[in-house]
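**Q** There's a structure below that I have some questions on.
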Amino acid sequence: MNSFTEENYLKAIYKIAEMGDGAITTNDIARKLSTTAASVTDMLKKLSKKKFIKYKRYNGLSMTESGKRIALAVIRKHRLWEMFLVKALKFKWDEVHDIAEQMEHVQSEKLVQHIDKALNYPKFDPHGDPIPDTNGKMVLSKERSVLLADVKEGRQYMVTGVVDHSRSFLQLLDKSGIILGSKVRVKAVQPYDRSLSLLLNGKKNLFISNQIAKNILVSNNPKT
């Protein structure tokens, strides 16, 4: 059985690798986990001994297949718990991340399978992120999505996910009326600061900053 800390490290390394194109460094992991580079180095040595990663100091690291399997299993549990909390227990999407962080380390695979079945095998979590199946496979929705900040004027898009999962950002979207599945038409982009004027769900006029738009994912197959 792997420790919670080991699972957290493997999940963090997987997510860094997923988002970046270059080598993964100890500083990348330290920033992700809000810890020190020295602590990261110690843990990387342990993970290397268990053959979860390939690590050579000063040369970056990569994950082995066994390391990826563990990371994807933790991500699967996290996202299923988020979905369960929202769908079954009626939590808001900004309330579930911290709880799922605790629940993602549950060891009962039978429990996880029952939750998956009870939810009718969802493909995405409440934030639009793909949920790995029992084999670690997932539909990569973000490959079909673009940032709202990068879309063209005059077209309608559907909100498919968020980049920023922080509670404050999700609460901000709630106040604006933006949720997964919302339809947004870009009416205008201001040349000065790239802020956007939107029509939300064909009814509500909305004005958002470029920073907010950079954290919203939308379908790149817009329906006009």
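The chains in the structure tokens are called A, B, ... from first to last as shown; in each chain the residues are counted from 1, and the ligands are counted from 1 in the order shown.
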Any chance you could list, as a PyMOL selection string, the residues in region 109-144 of chain A that come up helix (DSSP H, G or I) when DSSP is run on the backbone?
**A** chain A and resi 109-118+141-144
**Q** Selection from above, N, CA and C atoms, as a JSON list (two decimals), in the first residue's frame, can you write it?
**A**
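Okay, again_38.json is ready:
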[["chain", "number", "residue", "atom", "x", "y", "z"],
["A", 109, "GLU", "N", -11.56, -0.56, -3.77],
["A", 109, "GLU", "CA", -11.90, -0.47, -5.19],
["A", 109, "GLU", "C", -13.37, -0.81, -5.41],
["A", 110, "LYS", "N", -13.92, -1.68, -4.56],
["A", 110, "LYS", "CA", -15.34, -2.03, -4.66],
["A", 110, "LYS", "C", -16.21, -0.79, -4.45],
["A", 111, "LEU", "N", -15.85, 0.02, -3.46],
["A", 111, "LEU", "CA", -16.60, 1.26, -3.20],
["A", 111, "LEU", "C", -16.53, 2.19, -4.40],
["A", 112, "VAL", "N", -15.35, 2.34, -4.97],
["A", 112, "VAL", "CA", -15.17, 3.23, -6.13],
["A", 112, "VAL", "C", -16.01, 2.74, -7.31],
["A", 113, "GLN", "N", -16.03, 1.43, -7.53],
["A", 113, "GLN", "CA", -16.82, 0.88, -8.63],
["A", 113, "GLN", "C", -18.31, 1.09, -8.41],
["A", 114, "HIS", "N", -18.77, 0.99, -7.16],
["A", 114, "HIS", "CA", -20.18, 1.21, -6.85],
["A", 114, "HIS", "C", -20.56, 2.68, -7.08],
["A", 115, "ILE", "N", -19.67, 3.59, -6.71],
["A", 115, "ILE", "CA", -19.94, 5.01, -6.95],
["A", 115, "ILE", "C", -20.03, 5.28, -8.44],
["A", 116, "ASP", "N", -19.10, 4.71, -9.19],
["A", 116, "ASP", "CA", -19.09, 4.87, -10.65],
["A", 116, "ASP", "C", -20.41, 4.39, -11.25],
["A", 117, "LYS", "N", -20.84, 3.21, -10.81],
["A", 117, "LYS", "CA", -22.09, 2.63, -11.32],
["A", 117, "LYS", "C", -23.29, 3.47, -10.92],
["A", 118, "ALA", "N", -23.32, 3.93, -9.67],
["A", 118, "ALA", "CA", -24.44, 4.73, -9.18],
["A", 118, "ALA", "C", -24.58, 6.04, -9.95],
["A", 141, "SER", "N", -11.50, 15.76, -23.12],
["A", 141, "SER", "CA", -12.38, 16.84, -23.58],
["A", 141, "SER", "C", -11.61, 18.10, -23.93],
["A", 142, "LYS", "N", -10.49, 18.35, -23.23],
["A", 142, "LYS", "CA", -9.78, 19.60, -23.46],
["A", 142, "LYS", "C", -9.14, 19.65, -24.84],
["A", 143, "GLU", "N", -8.97, 18.50, -25.48],
["A", 143, "GLU", "CA", -8.46, 18.52, -26.85],
["A", 143, "GLU", "C", -9.49, 19.12, -27.81],
["A", 144, "ARG", "N", -10.77, 19.09, -27.42],
["A", 144, "ARG", "CA", -11.82, 19.64, -28.26],
["A", 144, "ARG", "C", -12.24, 21.03, -27.79]]
**Q** Give me, as a VMD selection string, all polymer residues having an atom no more than 7 Å from Leu217 (chain A), counting only C-alpha atoms and skipping those fewer than 5 positions away in the same chain.
**A** chain A and resid 145 to 148 159 to 162
**Q** Just how far from CA of Val106 (chain A) is CA of Leu10 (chain A), in Å to one decimal?
**A** 15.7 Å
**Q** Have a look at A:Glu104, A:Ser209, A:Glu95, A:Gly136 and name the one nearest to Ser168 (chain A); count only C-alpha atoms.
**A**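 Under the stated criterion, the closest residue is A:Glu95.
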**Q** With distances taken over only C-alpha atoms, which of A:Ser48, A:Asn59, A:Ile70, A:Lys175 is nearest to Thr134 (chain A)?
**A** A:Ile70
**Q** Set the distance at 10 Å and use only C-alpha atoms: which residues neighbour region 87-93 of chain A once local chain neighbours fewer than 6 positions away are removed? I'd like the list as a list in words.
**A** Trp81, Ile115, Ala118, Leu119, Asp125, Pro126, His127, His165, Arg167, Leu170, Gln171, Asp174 and Ile179 of chain A
**Q** Suppose we keep C-alpha atoms; can you now write the selection as a PDB file, in the first residue's frame?
**A**
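Okay, selection.pdb is ready:
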ATOM      1  CA  TRP A  81     -16.002  11.775  -5.498  1.00  0.00           C
ATOM      2  CA  ILE A 115     -19.941   5.011  -6.945  1.00  0.00           C
ATOM      3  CA  ALA A 118     -24.436   4.728  -9.178  1.00  0.00           C
ATOM      4  CA  LEU A 119     -23.466   7.790 -11.221  1.00  0.00           C
ATOM      5  CA  ASP A 125     -16.377  15.653 -13.334  1.00  0.00           C
ATOM      6  CA  PRO A 126     -18.334  18.794 -12.271  1.00  0.00           C
ATOM      7  CA  HIS A 127     -15.545  21.047 -13.572  1.00  0.00           C
ATOM      8  CA  HIS A 165     -10.582  25.172  -9.826  1.00  0.00           C
ATOM      9  CA  ARG A 167     -13.283  28.197  -4.777  1.00  0.00           C
ATOM     10  CA  LEU A 170     -15.943  29.103  -9.190  1.00  0.00           C
ATOM     11  CA  GLN A 171     -17.986  31.360  -6.893  1.00  0.00           C
ATOM     12  CA  ASP A 174     -21.707  31.271 -10.174  1.00  0.00           C
ATOM     13  CA  ILE A 179     -21.872  27.068 -15.423  1.00  0.00           C
TER      14      ILE A 179
END
**Q** Write down as a PyMOL selection string the residues belonging to chain A that are assigned strand (DSSP E) by DSSP computed on the backbone.
**A** chain A and resi 53-55+61-63+145-147+156-162+183-189+196-200+204-208+216-219
**Q** Which value, in Å to one decimal, gives the distance between CA of Lys214 (chain A) and CA of Val151 (chain A)?
**A** 10.5 Å
**Q** Taking 6 positions as the minimum chain separation for residues in the same chain, which residues sit within 7 Å of region 51-57 of chain A when counting only C-alpha atoms? Answer as a list in words.
**A** Met63, Thr64, Ser66 and Gly67 of chain A
**Q** For Leu33 (chain A), please output as a PyMOL selection string all residues within 12 Å (counting only C-alpha atoms; exclusion window: fewer than 4 positions along the same chain).
**A** chain A and resi 5-13+15-16+26-29+37+39-40
**Q** Next, write the just-selected residues to a file, as a PDB file, in the first residue's frame, keeping N, CA and C atoms as the atom set.
**A**
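In the end it all went to out16.pdb:
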ATOM      1  N   THR A   5       1.044  10.537   0.938  1.00  0.00           N
ATOM      2  CA  THR A   5       2.022  11.487   0.408  1.00  0.00           C
ATOM      3  C   THR A   5       2.562  11.018  -0.934  1.00  0.00           C
ATOM      4  N   GLU A   6       2.878   9.733  -1.031  1.00  0.00           N
ATOM      5  CA  GLU A   6       3.375   9.186  -2.298  1.00  0.00           C
ATOM      6  C   GLU A   6       2.329   9.353  -3.399  1.00  0.00           C
ATOM      7  N   GLU A   7       1.075   9.078  -3.079  1.00  0.00           N
ATOM      8  CA  GLU A   7       0.004   9.232  -4.063  1.00  0.00           C
ATOM      9  C   GLU A   7      -0.142  10.686  -4.487  1.00  0.00           C
ATOM     10  N   ASN A   8      -0.029  11.603  -3.530  1.00  0.00           N
ATOM     11  CA  ASN A   8      -0.137  13.026  -3.865  1.00  0.00           C
ATOM     12  C   ASN A   8       0.993  13.467  -4.789  1.00  0.00           C
ATOM     13  N   TYR A   9       2.188  12.964  -4.539  1.00  0.00           N
ATOM     14  CA  TYR A   9       3.327  13.299  -5.393  1.00  0.00           C
ATOM     15  C   TYR A   9       3.124  12.750  -6.810  1.00  0.00           C
ATOM     16  N   LEU A  10       2.702  11.521  -6.903  1.00  0.00           N
ATOM     17  CA  LEU A  10       2.512  10.916  -8.231  1.00  0.00           C
ATOM     18  C   LEU A  10       1.407  11.632  -9.002  1.00  0.00           C
ATOM     19  N   LYS A  11       0.345  12.003  -8.305  1.00  0.00           N
ATOM     20  CA  LYS A  11      -0.724  12.758  -8.958  1.00  0.00           C
ATOM     21  C   LYS A  11      -0.207  14.112  -9.449  1.00  0.00           C
ATOM     22  N   ALA A  12       0.569  14.782  -8.613  1.00  0.00           N
ATOM     23  CA  ALA A  12       1.118  16.086  -8.985  1.00  0.00           C
ATOM     24  C   ALA A  12       2.059  15.976 -10.184  1.00  0.00           C
ATOM     25  N   ILE A  13       2.929  14.964 -10.163  1.00  0.00           N
ATOM     26  CA  ILE A  13       3.870  14.772 -11.275  1.00  0.00           C
ATOM     27  C   ILE A  13       3.107  14.490 -12.569  1.00  0.00           C
ATOM     28  N   LYS A  15       0.078  15.442 -13.363  1.00  0.00           N
ATOM     29  CA  LYS A  15      -0.597  16.652 -13.834  1.00  0.00           C
ATOM     30  C   LYS A  15       0.376  17.659 -14.435  1.00  0.00           C
ATOM     31  N   ILE A  16       1.561  17.757 -13.854  1.00  0.00           N
ATOM     32  CA  ILE A  16       2.586  18.650 -14.412  1.00  0.00           C
ATOM     33  C   ILE A  16       2.991  18.161 -15.802  1.00  0.00           C
ATOM     34  N   THR A  26      12.308  19.511  -9.882  1.00  0.00           N
ATOM     35  CA  THR A  26      11.913  19.520  -8.470  1.00  0.00           C
ATOM     36  C   THR A  26      11.199  20.813  -8.112  1.00  0.00           C
ATOM     37  N   ASN A  27      11.599  21.908  -8.707  1.00  0.00           N
ATOM     38  CA  ASN A  27      10.944  23.192  -8.431  1.00  0.00           C
ATOM     39  C   ASN A  27       9.496  23.197  -8.930  1.00  0.00           C
ATOM     40  N   ASP A  28       9.248  22.551 -10.066  1.00  0.00           N
ATOM     41  CA  ASP A  28       7.869  22.432 -10.568  1.00  0.00           C
ATOM     42  C   ASP A  28       6.988  21.729  -9.535  1.00  0.00           C
ATOM     43  N   ILE A  29       7.513  20.636  -9.000  1.00  0.00           N
ATOM     44  CA  ILE A  29       6.743  19.830  -8.039  1.00  0.00           C
ATOM     45  C   ILE A  29       6.592  20.585  -6.726  1.00  0.00           C
ATOM     46  N   ALA A  37      12.042  22.314  -2.172  1.00  0.00           N
ATOM     47  CA  ALA A  37      12.741  21.492  -3.160  1.00  0.00           C
ATOM     48  C   ALA A  37      13.476  20.335  -2.489  1.00  0.00           C
ATOM     49  N   SER A  39      12.527  18.689   0.233  1.00  0.00           N
ATOM     50  CA  SER A  39      11.537  17.648   0.543  1.00  0.00           C
ATOM     51  C   SER A  39      11.164  16.868  -0.708  1.00  0.00           C
ATOM     52  N   VAL A  40      11.049  17.582  -1.814  1.00  0.00           N
ATOM     53  CA  VAL A  40      10.719  16.928  -3.082  1.00  0.00           C
ATOM     54  C   VAL A  40      11.819  15.953  -3.474  1.00  0.00           C
TER      55      VAL A  40
END
**Q** Set the distance at 12 Å and use only C-alpha atoms: which residues neighbour Val139 (chain A) once local chain neighbours fewer than 5 positions away are removed? I'd like the list as a ChimeraX atom specification.
**A** /A:122-125,128-133,144
**Q** Using only C-alpha atoms, determine which residues lie at most 6 Å from Ala188 (chain A), disregarding the query and same-chain residues fewer than 5 positions distant; provide the list as a PDB file with C-alpha atoms, in the first residue's frame.
**A**
ATOM      1  CA  GLU A 153     -16.175  37.410 -32.155  1.00  0.00           C
ATOM      2  CA  LEU A 196     -14.896  40.378 -23.556  1.00  0.00           C
ATOM      3  CA  SER A 197     -18.501  41.451 -23.985  1.00  0.00           C
TER       4      SER A 197
END
**Q** Taking only C-alpha atoms into account, which of A:Ile212, A:Leu61, A:Arg31, A:Gly20 comes nearest Leu44 (chain A)?
**A**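 Comparing A:Ile212, A:Leu61, A:Arg31, A:Gly20 against Leu44 (chain A), the winner is A:Leu61.
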